[in-house]
file model_16.cif (mmCIF, C-alpha atoms)
data_final
loop_
_atom_site.group_PDB
_atom_site.id
_atom_site.type_symbol
_atom_site.label_atom_id
_atom_site.label_comp_id
_atom_site.auth_asym_id
_atom_site.auth_seq_id
_atom_site.Cartn_x
_atom_site.Cartn_y
_atom_site.Cartn_z
ATOM 1 C CA MET A 1 112.934 17.894 136.846
ATOM 2 C CA LEU A 2 111.333 20.578 139.044
ATOM 3 C CA LEU A 3 108.804 21.449 136.349
ATOM 4 C CA GLU A 4 107.920 17.755 135.942
ATOM 5 C CA GLN A 5 107.353 17.442 139.720
ATOM 6 C CA LEU A 6 105.125 20.541 139.777
ATOM 7 C CA SER A 7 103.162 19.273 136.777
ATOM 8 C CA SER A 8 102.727 15.872 138.401
ATOM 9 C CA ARG A 9 101.567 17.511 141.644
ATOM 10 C CA SER A 10 98.999 19.647 139.781
ATOM 11 C CA ARG A 11 97.611 16.542 138.019
ATOM 12 C CA THR A 12 97.385 14.772 141.371
ATOM 13 C CA GLN A 13 95.443 17.668 142.970
ATOM 14 C CA TYR A 14 93.074 17.809 140.002
ATOM 15 C CA ALA A 15 92.462 14.083 140.230
ATOM 16 C CA LEU A 16 91.820 14.336 143.966
ATOM 17 C CA CYS A 17 89.308 17.143 143.448
ATOM 18 C CA SER A 18 87.438 15.376 140.643
ATOM 19 C CA PRO A 19 83.961 13.907 141.292
ATOM 20 C CA LEU A 20 85.131 10.515 139.992
ATOM 21 C CA HIS A 21 87.814 10.301 142.665
ATOM 22 C CA ARG A 22 85.296 11.211 145.381
ATOM 23 C CA ARG A 23 82.905 8.460 144.199
ATOM 24 C CA ARG A 24 85.677 5.879 144.172
ATOM 25 C CA SER A 25 86.851 6.906 147.629
ATOM 26 C CA ALA A 26 83.333 6.595 148.979
ATOM 27 C CA SER A 27 83.012 3.041 147.617
ATOM 28 C CA ARG A 28 86.186 1.774 149.301
ATOM 29 C CA PRO A 29 85.873 -0.158 152.600
ATOM 30 C CA GLN A 30 86.579 1.779 155.766
ATOM 31 C CA PHE A 31 88.479 -0.399 158.274
ATOM 32 C CA ALA A 32 86.620 -3.547 157.231
ATOM 33 C CA THR A 33 88.762 -5.828 159.427
ATOM 34 C CA PRO A 34 87.490 -9.440 159.652
ATOM 35 C CA VAL A 35 86.260 -10.310 163.116
ATOM 36 C CA SER A 36 87.944 -13.732 162.976
ATOM 37 C CA ALA A 37 91.364 -12.158 162.630
ATOM 38 C CA CYS A 38 91.137 -10.289 165.955
ATOM 39 C CA LYS A 39 92.260 -11.946 169.160
ATOM 40 C CA PRO A 40 89.946 -11.243 172.056
ATOM 41 C CA GLU A 41 92.698 -10.887 174.640
ATOM 42 C CA GLY A 42 96.243 -11.640 175.690
ATOM 43 C CA SER A 43 98.211 -9.958 172.865
ATOM 44 C CA PRO A 44 99.321 -6.354 172.490
ATOM 45 C CA ARG A 45 98.429 -6.592 168.766
ATOM 46 C CA ALA A 46 94.732 -7.334 168.813
ATOM 47 C CA CYS A 47 94.484 -7.790 165.016
ATOM 48 C CA ALA A 48 97.418 -9.893 163.869
ATOM 49 C CA GLY A 49 96.182 -11.583 160.708
ATOM 50 C CA PRO A 50 97.837 -10.684 157.363
ATOM 51 C CA GLU A 51 94.443 -10.029 155.736
ATOM 52 C CA ALA A 52 93.483 -7.610 158.525
ATOM 53 C CA THR A 53 96.795 -5.800 158.271
ATOM 54 C CA ALA A 54 96.458 -5.352 154.506
ATOM 55 C CA THR A 55 92.853 -4.174 154.783
ATOM 56 C CA ALA A 56 93.658 -1.641 157.534
ATOM 57 C CA SER A 57 96.648 -0.351 155.545
ATOM 58 C CA ALA A 58 94.495 0.174 152.441
ATOM 59 C CA SER A 59 91.835 1.961 154.472
ATOM 60 C CA ARG A 60 94.384 4.274 156.068
ATOM 61 C CA ARG A 61 95.820 5.043 152.647
ATOM 62 C CA SER A 62 92.342 5.872 151.341
ATOM 63 C CA LEU A 63 91.709 8.261 154.232
ATOM 64 C CA PHE A 64 95.102 9.888 153.729
ATOM 65 C CA LEU A 65 94.456 10.463 150.022
ATOM 66 C CA ALA A 66 90.949 11.759 150.737
ATOM 67 C CA GLY A 67 92.409 14.212 153.248
ATOM 68 C CA LEU A 68 94.937 15.448 150.706
ATOM 69 C CA GLY A 69 92.171 15.929 148.160
ATOM 70 C CA LEU A 70 90.042 17.906 150.621
ATOM 71 C CA ALA A 71 92.985 20.137 151.547
ATOM 72 C CA ALA A 72 93.815 20.766 147.886
ATOM 73 C CA CYS A 73 90.198 21.642 147.034
ATOM 74 C CA THR A 74 89.930 23.979 150.039
ATOM 75 C CA ALA A 75 93.176 25.751 149.161
ATOM 76 C CA ALA A 76 92.051 26.168 145.557
ATOM 77 C CA GLY A 77 88.764 27.715 146.701
ATOM 78 C CA LEU A 78 90.412 30.099 149.167
ATOM 79 C CA SER A 79 92.977 31.299 146.672
ATOM 80 C CA ALA A 80 90.350 32.668 144.248
ATOM 81 C CA PRO A 81 90.100 36.467 144.856
ATOM 82 C CA ARG A 82 86.726 38.162 145.177
ATOM 83 C CA PRO A 83 86.058 41.481 143.459
ATOM 84 C CA ALA A 84 85.986 44.485 145.790
ATOM 85 C CA GLY A 85 82.651 46.261 146.104
ATOM 86 C CA ALA A 86 83.782 49.534 147.750
ATOM 87 C CA SER A 87 84.569 52.632 145.702
ATOM 88 C CA LEU A 88 84.480 56.410 145.852
ATOM 89 C CA VAL A 89 81.208 58.057 144.899
ATOM 90 C CA ARG A 90 81.473 59.772 141.522
ATOM 91 C CA PHE A 91 79.654 62.980 140.611
ATOM 92 C CA PRO A 92 77.115 63.679 139.276
ATOM 93 C CA ALA A 93 75.236 60.838 140.966
ATOM 94 C CA ASP A 94 71.824 59.618 139.872
ATOM 95 C CA VAL A 95 71.630 56.606 142.222
ATOM 96 C CA LEU A 96 72.711 56.164 145.843
ATOM 97 C CA ASN A 97 72.229 53.268 148.249
ATOM 98 C CA ASN A 98 70.631 55.411 150.989
ATOM 99 C CA ARG A 99 68.423 58.455 151.456
ATOM 100 C CA TYR A 100 70.409 61.450 152.676
ATOM 101 C CA TRP A 101 69.229 64.498 154.577
ATOM 102 C CA LEU A 102 71.530 67.507 154.718
ATOM 103 C CA VAL A 103 71.265 69.381 158.011
ATOM 104 C CA ARG A 104 72.935 72.597 159.034
ATOM 105 C CA ALA A 105 73.352 72.811 162.791
ATOM 106 C CA GLY A 106 71.677 75.529 164.812
ATOM 107 C CA GLU A 107 73.433 78.827 165.395
ATOM 108 C CA SER A 108 76.511 78.662 167.646
ATOM 109 C CA TYR A 109 77.673 81.220 170.199
ATOM 110 C CA SER A 110 80.590 82.191 167.952
ATOM 111 C CA GLU A 111 78.212 82.897 165.062
ATOM 112 C CA SER A 112 76.007 85.006 167.320
ATOM 113 C CA PHE A 113 79.126 86.984 168.323
ATOM 114 C CA GLY A 114 80.123 87.466 164.659
ATOM 115 C CA GLU A 115 83.285 85.321 164.842
ATOM 116 C CA PRO A 116 84.272 82.880 162.037
ATOM 117 C CA LEU A 117 86.068 80.440 164.406
ATOM 118 C CA THR A 118 86.901 77.754 161.799
ATOM 119 C CA ASN A 119 90.176 76.549 163.324
ATOM 120 C CA PRO A 120 89.690 72.841 164.231
ATOM 121 C CA VAL A 121 91.211 73.357 167.689
ATOM 122 C CA TRP A 122 87.994 75.153 168.708
ATOM 123 C CA LYS A 123 85.597 72.397 167.577
ATOM 124 C CA THR A 124 84.841 71.162 171.111
ATOM 125 C CA SER A 125 84.914 74.617 172.706
ATOM 126 C CA GLU A 126 81.817 76.002 174.406
ATOM 127 C CA ARG A 127 82.041 78.930 171.989
ATOM 128 C CA HIS A 128 80.833 76.481 169.340
ATOM 129 C CA GLY A 129 77.895 75.294 171.435
ATOM 130 C CA LEU A 130 74.294 76.036 170.486
ATOM 131 C CA SER A 131 73.237 79.567 171.324
ATOM 132 C CA PRO A 132 69.739 80.189 172.743
ATOM 133 C CA LEU A 133 68.581 81.030 169.207
ATOM 134 C CA GLY A 134 70.311 77.895 167.887
ATOM 135 C CA LYS A 135 68.466 75.689 170.363
ATOM 136 C CA GLU A 136 65.173 77.246 169.324
ATOM 137 C CA GLN A 137 66.024 76.698 165.644
ATOM 138 C CA VAL A 138 66.557 72.998 166.300
ATOM 139 C CA LEU A 139 63.555 72.422 168.551
ATOM 140 C CA ARG A 140 60.963 74.527 166.724
ATOM 141 C CA GLY A 141 62.271 74.369 163.184
ATOM 142 C CA LEU A 142 64.533 71.431 162.410
ATOM 143 C CA THR A 143 62.764 68.649 164.294
ATOM 144 C CA PRO A 144 59.244 69.408 162.964
ATOM 145 C CA ASP A 145 60.678 69.756 159.441
ATOM 146 C CA LEU A 146 62.271 66.315 159.669
ATOM 147 C CA GLU A 147 58.947 64.793 160.674
ATOM 148 C CA SER A 148 57.008 66.587 157.924
ATOM 149 C CA LEU A 149 59.551 65.484 155.288
ATOM 150 C CA GLY A 150 59.275 61.857 156.383
ATOM 151 C CA ALA A 151 62.891 61.567 157.471
ATOM 152 C CA CYS A 152 63.725 58.930 160.097
ATOM 153 C CA SER A 153 60.210 57.475 159.886
ATOM 154 C CA ASP A 154 61.727 54.002 160.230
ATOM 155 C CA GLY A 155 64.849 54.992 162.155
ATOM 156 C CA CYS A 156 67.968 56.663 160.812
ATOM 157 C CA TRP A 157 71.666 57.258 161.347
ATOM 158 C CA LEU A 158 72.880 60.644 162.570
ATOM 159 C CA TRP A 159 76.325 61.666 161.309
ATOM 160 C CA PRO A 160 77.255 64.950 163.030
ATOM 161 C CA SER A 161 80.564 66.754 163.046
ATOM 162 C CA ILE A 162 82.105 66.753 166.515
ATOM 163 C CA THR A 163 81.924 70.550 166.391
ATOM 164 C CA GLN A 164 79.739 71.338 169.387
ATOM 165 C CA ASN A 165 76.755 72.937 167.672
ATOM 166 C CA ALA A 166 76.532 70.047 165.178
ATOM 167 C CA TYR A 167 76.839 67.324 167.801
ATOM 168 C CA GLN A 168 74.387 69.053 170.153
ATOM 169 C CA THR A 169 71.966 69.359 167.246
ATOM 170 C CA ALA A 170 72.214 65.590 166.733
ATOM 171 C CA GLU A 171 71.572 64.945 170.429
ATOM 172 C CA VAL A 172 68.456 67.124 170.436
ATOM 173 C CA VAL A 173 67.120 65.470 167.261
ATOM 174 C CA ALA A 174 67.775 61.993 168.636
ATOM 175 C CA TYR A 175 66.026 62.752 171.933
ATOM 176 C CA THR A 176 63.018 64.423 170.279
ATOM 177 C CA LEU A 177 62.495 61.689 167.675
ATOM 178 C CA GLY A 178 63.171 58.816 170.082
ATOM 179 C CA ILE A 179 66.363 57.663 168.342
ATOM 180 C CA GLY A 180 68.895 55.769 170.471
ATOM 181 C CA ARG A 181 72.283 57.331 171.114
ATOM 182 C CA SER A 182 73.906 54.307 169.503
ATOM 183 C CA ARG A 183 72.631 55.726 166.204
ATOM 184 C CA ILE A 184 74.756 58.873 166.579
ATOM 185 C CA VAL A 185 78.034 58.403 164.695
ATOM 186 C CA PRO A 186 80.457 61.296 165.367
ATOM 187 C CA GLU A 187 82.493 62.422 162.358
ATOM 188 C CA TYR A 188 85.880 63.821 163.382
ATOM 189 C CA SER A 189 87.160 65.714 160.322
ATOM 190 C CA PHE A 190 85.249 65.302 157.047
ATOM 191 C CA LEU A 191 82.279 67.443 158.167
ATOM 192 C CA ASP A 192 84.349 70.279 159.658
ATOM 193 C CA ALA A 193 83.440 73.864 158.858
ATOM 194 C CA ARG A 194 85.319 75.286 155.885
ATOM 195 C CA GLY A 195 88.605 76.853 156.981
ATOM 196 C CA VAL A 196 88.971 80.545 156.088
ATOM 197 C CA GLY A 197 92.696 81.004 156.792
ATOM 198 C CA ALA A 198 93.718 84.576 157.532
ATOM 199 C CA LEU A 199 90.055 85.647 157.514
ATOM 200 C CA GLU A 200 89.722 83.925 160.892
ATOM 201 C CA ASN A 201 90.625 87.232 162.543
ATOM 202 C CA GLU A 202 88.010 89.246 160.635
ATOM 203 C CA ARG A 203 84.340 89.761 161.337
ATOM 204 C CA LEU A 204 82.098 86.912 160.191
ATOM 205 C CA GLU A 205 80.120 88.923 157.626
ATOM 206 C CA PHE A 206 83.278 90.323 156.028
ATOM 207 C CA ALA A 207 84.883 86.884 155.853
ATOM 208 C CA ARG A 208 81.772 85.404 154.222
ATOM 209 C CA ARG A 209 81.631 88.171 151.619
ATOM 210 C CA VAL A 210 85.295 87.679 150.645
ATOM 211 C CA VAL A 211 84.845 83.901 150.356
ATOM 212 C CA GLU A 212 81.688 84.257 148.256
ATOM 213 C CA GLU A 213 83.449 86.553 145.788
ATOM 214 C CA GLY A 214 86.445 84.234 145.576
ATOM 215 C CA ASP A 215 84.303 81.148 144.963
ATOM 216 C CA LEU A 216 82.671 82.822 141.957
ATOM 217 C CA LEU A 217 86.087 83.221 140.348
ATOM 218 C CA ASP A 218 87.295 79.641 140.594
ATOM 219 C CA ALA A 219 86.458 76.460 142.505
ATOM 220 C CA GLY A 220 90.167 76.240 143.331
ATOM 221 C CA TRP A 221 90.327 79.698 144.907
ATOM 222 C CA LYS A 222 91.550 79.746 148.519
ATOM 223 C CA PRO A 223 91.526 82.448 151.196
ATOM 224 C CA GLU A 224 94.899 83.825 152.152
ATOM 225 C CA LYS A 225 96.905 81.589 154.449
ATOM 226 C CA GLY A 226 96.992 82.698 158.083
ATOM 227 C CA THR A 227 99.613 82.344 160.819
ATOM 228 C CA ASP A 228 97.608 80.476 163.480
ATOM 229 C CA GLY A 229 97.226 77.155 161.635
ATOM 230 C CA THR A 230 93.642 77.700 160.482
ATOM 231 C CA PRO A 231 93.077 75.763 157.230
ATOM 232 C CA HIS A 232 92.466 77.869 154.118
ATOM 233 C CA GLU A 233 90.263 75.707 151.930
ATOM 234 C CA SER A 234 88.911 75.986 148.413
ATOM 235 C CA VAL A 235 85.618 74.583 147.199
ATOM 236 C CA ASN A 236 87.547 71.657 145.714
ATOM 237 C CA ASP A 237 89.122 70.947 149.106
ATOM 238 C CA VAL A 238 85.684 70.817 150.722
ATOM 239 C CA LEU A 239 84.440 68.497 147.978
ATOM 240 C CA VAL A 240 87.237 66.013 148.708
ATOM 241 C CA ARG A 241 86.060 65.735 152.313
ATOM 242 C CA MET A 242 82.403 65.396 151.403
ATOM 243 C CA ARG A 243 83.140 62.741 148.806
ATOM 244 C CA GLN A 244 84.949 60.764 151.509
ATOM 245 C CA VAL A 245 82.106 60.864 154.035
ATOM 246 C CA LEU A 246 79.494 59.975 151.391
ATOM 247 C CA SER A 247 81.601 57.061 150.150
ATOM 248 C CA ILE A 248 81.915 55.736 153.707
ATOM 249 C CA THR A 249 78.181 55.803 154.386
ATOM 250 C CA GLU A 250 77.430 54.304 150.956
ATOM 251 C CA THR A 251 79.572 51.253 151.750
ATOM 252 C CA GLN A 252 78.481 51.001 155.396
ATOM 253 C CA TYR A 253 74.681 51.192 155.037
ATOM 254 C CA PHE A 254 72.044 50.148 152.517
ATOM 255 C CA GLY A 255 68.473 51.397 152.263
ATOM 256 C CA ASP A 256 68.749 53.622 155.367
ATOM 257 C CA ASP A 257 68.082 57.275 156.139
ATOM 258 C CA VAL A 258 71.303 59.135 156.955
ATOM 259 C CA LEU A 259 71.439 62.665 158.376
ATOM 260 C CA LEU A 260 74.674 64.542 157.636
ATOM 261 C CA ILE A 261 74.888 67.358 160.193
ATOM 262 C CA ALA A 262 77.469 70.059 159.478
ATOM 263 C CA PRO A 263 78.334 73.202 161.482
ATOM 264 C CA ASP A 264 78.274 75.489 158.415
ATOM 265 C CA SER A 265 76.617 75.760 155.013
ATOM 266 C CA ASP A 266 79.519 75.323 152.584
ATOM 267 C CA CYS A 267 80.005 71.601 153.248
ATOM 268 C CA LEU A 268 76.378 70.878 152.407
ATOM 269 C CA SER A 269 75.960 73.253 149.458
ATOM 270 C CA VAL A 270 79.163 71.984 147.787
ATOM 271 C CA LEU A 271 77.989 68.380 148.159
ATOM 272 C CA GLN A 272 74.567 69.172 146.709
ATOM 273 C CA ALA A 273 76.058 71.009 143.729
ATOM 274 C CA ALA A 274 78.469 68.137 143.038
ATOM 275 C CA VAL A 275 75.757 65.460 143.176
ATOM 276 C CA LEU A 276 73.625 67.437 140.718
ATOM 277 C CA GLY A 277 76.587 68.110 138.424
ATOM 278 C CA VAL A 278 76.262 71.883 138.800
ATOM 279 C CA ASP A 279 79.279 74.181 138.352
ATOM 280 C CA LEU A 280 80.862 74.247 141.813
ATOM 281 C CA ARG A 281 81.328 78.029 141.577
ATOM 282 C CA GLN A 282 77.566 78.273 141.898
ATOM 283 C CA HIS A 283 77.265 76.104 145.007
ATOM 284 C CA ARG A 284 75.775 78.983 147.030
ATOM 285 C CA ARG A 285 72.535 78.535 145.125
ATOM 286 C CA TYR A 286 72.045 75.660 147.590
ATOM 287 C CA ALA A 287 73.126 77.504 150.751
ATOM 288 C CA PHE A 288 71.579 76.463 154.090
ATOM 289 C CA ARG A 289 70.297 78.609 156.925
ATOM 290 C CA PRO A 290 71.137 77.592 160.518
ATOM 291 C CA GLY A 291 68.772 74.796 161.543
ATOM 292 C CA GLU A 292 67.637 74.045 157.966
ATOM 293 C CA VAL A 293 67.222 70.527 156.537
ATOM 294 C CA ARG A 294 66.768 69.387 152.934
ATOM 295 C CA GLN A 295 66.863 65.999 151.284
ATOM 296 C CA LEU A 296 69.864 65.434 149.039
ATOM 297 C CA GLN A 297 68.647 65.775 145.441
ATOM 298 C CA LEU A 298 70.041 63.326 142.893
ATOM 299 C CA SER A 299 71.041 64.113 139.339
ATOM 300 C CA SER A 300 68.881 63.073 136.406
ATOM 301 C CA GLU A 301 72.031 61.958 134.591
ATOM 302 C CA ALA A 302 74.586 59.359 135.626
ATOM 303 C CA PHE A 303 78.333 59.922 135.854
ATOM 304 C CA ASP A 304 79.958 60.056 132.419
ATOM 305 C CA ALA A 305 83.612 59.033 132.261
ATOM 306 C CA LYS A 306 84.112 60.473 128.772
ATOM 307 C CA PRO A 307 86.216 63.672 128.558
ATOM 308 C CA VAL A 308 84.211 66.887 128.576
ATOM 309 C CA SER A 309 84.791 69.356 125.754
ATOM 310 C CA PHE A 310 83.270 72.753 125.071
ATOM 311 C CA SER A 311 83.957 75.705 122.828
ATOM 312 C CA CYS A 312 85.211 78.991 124.207
ATOM 313 C CA PRO A 313 85.805 81.810 121.698
ATOM 314 C CA ASP A 314 87.278 84.071 124.388
ATOM 315 C CA PRO A 315 89.130 81.829 126.953
ATOM 316 C CA PRO A 316 89.759 84.551 129.584
ATOM 317 C CA LYS A 317 86.050 85.258 129.831
ATOM 318 C CA CYS A 318 85.219 81.564 130.107
ATOM 319 C CA THR A 319 87.209 81.170 133.320
ATOM 320 C CA ARG A 320 86.916 84.616 134.850
ATOM 321 C CA ARG A 321 83.563 84.343 136.586
ATOM 322 C CA ALA A 322 80.662 81.895 136.859
ATOM 323 C CA ASP A 323 77.236 82.907 135.611
ATOM 324 C CA VAL A 324 74.865 83.435 138.510
#

call {"tool": "encode", "arguments": {"input": "model_16.cif", "output": "structure tokens"}}
result
Amino acid sequence: MLLEQLSSRSRTQYALCSPLHRRRSASRPQFATPVSACKPEGSPRACAGPEATATASASRRSLFLAGLGLAACTAAGLSAPRPAGASLVRFPADVLNNRYWLVRAGESYSESFGEPLTNPVWKTSERHGLSPLGKEQVLRGLTPDLESLGACSDGCWLWPSITQNAYQTAEVVAYTLGIGRSRIVPEYSFLDARGVGALENERLEFARRVVEEGDLLDAGWKPEKGTDGTPHESVNDVLVRMRQVLSITETQYFGDDVLLIAPDSDCLSVLQAAVLGVDLRQHRRYAFRPGEVRQLQLSSEAFDAKPVSFSCPDPPKCTRRADV
């Protein structure tokens, strides 16, 4: 019985939504009550004739059925799902929705002192602010380079890390190029400097040398874990963050110039290597100097979902070190 009722209801909704039903409903009279049947005054029921009552009842029934048909058609239209358009960017990438400019912030005070300082708790510290040399790198190097490269010629979006030297770099660029502050979009975690773990307590040059040697061994290599909570990240960890920020901007903008401003080089060089499809162990081929800007280069080949296979006669040598 229940199935018969549901089947009958479905046939009714289909009939109400059909063009034939709508044409018939439109041809029916709408409250066509004869004037002679209405009493001008003196009775609480102004229209008392049997013909008027029947006509009004038919008209009300027509309106009721038309309303049911409209509701059924609306519900049917709203229930149809739409395909989602957002997705993670896949590497290598030969097409992107926007033009991207990779910017390394000017030198910070901590870098001038030879301190790694990659723990996120120090991101808003004055020790991460632009040093005098960093300010000069931005004003005399970065800003003219952006203009000569044609970046932000028709406006752009600035996506800096909230690390002080990166955000201050964005403020200087915005002021110099006449870009409103509403175009500065602070990024709170994805563009952080790469965490070096226990190397946080070493000198900056020593920490960089150890990380460079480890990256050549394996993209999954990580510095030793420290005791102060500083992240110890591999190249693959950095790539996860950069894929996230690029996927966000790809679904948020279209046809715009976007400046990704990071406090260190690794975030930018890993992203560039991934977009080109280069072995991530060789990402330092695309390293950035403080205050340097380059347009993100796209791959000549699109992402291929097929499994990758290659021959390796001596497996230990194939995974021991990347060719540089």

call {"tool": "resolve_selection", "arguments": {"input": "model_16.cif", "expression": "the PyMOL selection byres ((chain A and resi 218) around 10)", "output": "PDB file with C-alpha atoms, in the frame of the given file"}}
result
ATOM      1  CA  GLU A 213      83.449  86.553 145.788  1.00  0.00           C
ATOM      2  CA  GLY A 214      86.445  84.234 145.576  1.00  0.00           C
ATOM      3  CA  ASP A 215      84.303  81.148 144.963  1.00  0.00           C
ATOM      4  CA  LEU A 216      82.671  82.822 141.957  1.00  0.00           C
ATOM      5  CA  LEU A 217      86.087  83.221 140.348  1.00  0.00           C
ATOM      6  CA  ALA A 219      86.458  76.460 142.505  1.00  0.00           C
ATOM      7  CA  GLY A 220      90.167  76.240 143.331  1.00  0.00           C
ATOM      8  CA  TRP A 221      90.327  79.698 144.907  1.00  0.00           C
ATOM      9  CA  LYS A 222      91.550  79.746 148.519  1.00  0.00           C
ATOM     10  CA  SER A 234      88.911  75.986 148.413  1.00  0.00           C
ATOM     11  CA  VAL A 235      85.618  74.583 147.199  1.00  0.00           C
ATOM     12  CA  ASN A 236      87.547  71.657 145.714  1.00  0.00           C
ATOM     13  CA  ASP A 279      79.279  74.181 138.352  1.00  0.00           C
ATOM     14  CA  LEU A 280      80.862  74.247 141.813  1.00  0.00           C
ATOM     15  CA  ARG A 281      81.328  78.029 141.577  1.00  0.00           C
ATOM     16  CA  GLN A 282      77.566  78.273 141.898  1.00  0.00           C
ATOM     17  CA  THR A 319      87.209  81.170 133.320  1.00  0.00           C
ATOM     18  CA  ARG A 320      86.916  84.616 134.850  1.00  0.00           C
ATOM     19  CA  ARG A 321      83.563  84.343 136.586  1.00  0.00           C
ATOM     20  CA  ALA A 322      80.662  81.895 136.859  1.00  0.00           C
TER      21      ALA A 322
END

call {"tool": "residues_around", "arguments": {"input": "model_16.cif", "residues": "A:Glu202", "least_positions_apart": "6", "cutoff": "10 Å", "atoms": "only C-alpha atoms", "output": "list in words"}}
result
Gly114, Glu115, Pro116, Leu117, Val196 and Arg208 of chain A

call {"tool": "resolve_selection", "arguments": {"input": "model_16.cif", "expression": "the PyMOL selection byres ((chain A and resi 108) around 10)", "output": "list in words"}}
result
Ala105, Gly106, Glu107, Tyr109, Ser110, Glu111, Ser112, Phe113, Gly114, Glu115, Glu126, Arg127, His128, Gly129, Leu130, Ser131, Pro132, Leu133, Gly134, Lys135, Thr163, Gln164, Asn165, Ala166, Pro263, Asp264 and Pro290 of chain A

call {"tool": "write_last_selection", "arguments": {"input": "model_16.cif", "atoms": "C-alpha atoms", "output": "PDB file, in the frame of the given file"}}
result
ATOM      1  CA  ALA A 105      73.352  72.811 162.791  1.00  0.00           C
ATOM      2  CA  GLY A 106      71.677  75.529 164.812  1.00  0.00           C
ATOM      3  CA  GLU A 107      73.433  78.827 165.395  1.00  0.00           C
ATOM      4  CA  TYR A 109      77.673  81.220 170.199  1.00  0.00           C
ATOM      5  CA  SER A 110      80.590  82.191 167.952  1.00  0.00           C
ATOM      6  CA  GLU A 111      78.212  82.897 165.062  1.00  0.00           C
ATOM      7  CA  SER A 112      76.007  85.006 167.320  1.00  0.00           C
ATOM      8  CA  PHE A 113      79.126  86.984 168.323  1.00  0.00           C
ATOM      9  CA  GLY A 114      80.123  87.466 164.659  1.00  0.00           C
ATOM     10  CA  GLU A 115      83.285  85.321 164.842  1.00  0.00           C
ATOM     11  CA  GLU A 126      81.817  76.002 174.406  1.00  0.00           C
ATOM     12  CA  ARG A 127      82.041  78.930 171.989  1.00  0.00           C
ATOM     13  CA  HIS A 128      80.833  76.481 169.340  1.00  0.00           C
ATOM     14  CA  GLY A 129      77.895  75.294 171.435  1.00  0.00           C
ATOM     15  CA  LEU A 130      74.294  76.036 170.486  1.00  0.00           C
ATOM     16  CA  SER A 131      73.237  79.567 171.324  1.00  0.00           C
ATOM     17  CA  PRO A 132      69.739  80.189 172.743  1.00  0.00           C
ATOM     18  CA  LEU A 133      68.581  81.030 169.207  1.00  0.00           C
ATOM     19  CA  GLY A 134      70.311  77.895 167.887  1.00  0.00           C
ATOM     20  CA  LYS A 135      68.466  75.689 170.363  1.00  0.00           C
ATOM     21  CA  THR A 163      81.924  70.550 166.391  1.00  0.00           C
ATOM     22  CA  GLN A 164      79.739  71.338 169.387  1.00  0.00           C
ATOM     23  CA  ASN A 165      76.755  72.937 167.672  1.00  0.00           C
ATOM     24  CA  ALA A 166      76.532  70.047 165.178  1.00  0.00           C
ATOM     25  CA  PRO A 263      78.334  73.202 161.482  1.00  0.00           C
ATOM     26  CA  ASP A 264      78.274  75.489 158.415  1.00  0.00           C
ATOM     27  CA  PRO A 290      71.137  77.592 160.518  1.00  0.00           C
TER      28      PRO A 290
END

call {"tool": "closest_residue", "arguments": {"input": "model_16.cif", "among": "A:Leu268, A:Val211, A:Cys156, A:Ala262", "to": "A:Leu199", "atoms": "all atoms listed in the file"}}
result
A:Val211

call {"tool": "resolve_selection", "arguments": {"input": "model_16.cif", "expression": "the PyMOL selection byres ((chain A and resi 277) around 9)", "output": "number ranges by chain"}}
result
A: 91-93, 272-276, 278-280, 299, 301, 303

call {"tool": "write_last_selection", "arguments": {"input": "model_16.cif", "atoms": "C-alpha atoms", "output": "PDB file, in the frame of the given file"}}
result
ATOM      1  CA  PHE A  91      79.654  62.980 140.611  1.00  0.00           C
ATOM      2  CA  PRO A  92      77.115  63.679 139.276  1.00  0.00           C
ATOM      3  CA  ALA A  93      75.236  60.838 140.966  1.00  0.00           C
ATOM      4  CA  GLN A 272      74.567  69.172 146.709  1.00  0.00           C
ATOM      5  CA  ALA A 273      76.058  71.009 143.729  1.00  0.00           C
ATOM      6  CA  ALA A 274      78.469  68.137 143.038  1.00  0.00           C
ATOM      7  CA  VAL A 275      75.757  65.460 143.176  1.00  0.00           C
ATOM      8  CA  LEU A 276      73.625  67.437 140.718  1.00  0.00           C
ATOM      9  CA  VAL A 278      76.262  71.883 138.800  1.00  0.00           C
ATOM     10  CA  ASP A 279      79.279  74.181 138.352  1.00  0.00           C
ATOM     11  CA  LEU A 280      80.862  74.247 141.813  1.00  0.00           C
ATOM     12  CA  SER A 299      71.041  64.113 139.339  1.00  0.00           C
ATOM     13  CA  GLU A 301      72.031  61.958 134.591  1.00  0.00           C
ATOM     14  CA  PHE A 303      78.333  59.922 135.854  1.00  0.00           C
TER      15      PHE A 303
END

call {"tool": "residues_near_point", "arguments": {"input": "model_16.cif", "point": "(101.2, 84.9, 160.2)", "cutoff": "12 Å", "atoms": "only C-alpha atoms", "output": "short mmCIF file (atom, residue, chain, number, x, y, z; two decimals) with C-alpha atoms, in the coordinates of the input"}}
result
data_model
loop_
_atom_site.label_atom_id
_atom_site.label_comp_id
_atom_site.auth_asym_id
_atom_site.auth_seq_id
_atom_site.Cartn_x
_atom_site.Cartn_y
_atom_site.Cartn_z
CA GLY A 197 92.70 81.00 156.79
CA ALA A 198 93.72 84.58 157.53
CA LEU A 199 90.06 85.65 157.51
CA GLU A 200 89.72 83.92 160.89
CA ASN A 201 90.62 87.23 162.54
CA GLU A 224 94.90 83.82 152.15
CA LYS A 225 96.90 81.59 154.45
CA GLY A 226 96.99 82.70 158.08
CA THR A 227 99.61 82.34 160.82
CA ASP A 228 97.61 80.48 163.48
CA GLY A 229 97.23 77.16 161.64
CA THR A 230 93.64 77.70 160.48
#

call {"tool": "atom_distance", "arguments": {"input": "model_16.cif", "atom1": "atom CA of A:Tyr100", "atom2": "atom CA of A:Val258"}}
result
4.9 Å

call {"tool": "atom_distance", "arguments": {"input": "model_16.cif", "atom1": "atom CA of A:Cys267", "atom2": "atom CA of A:Glu233"}}
result
11.1 Å
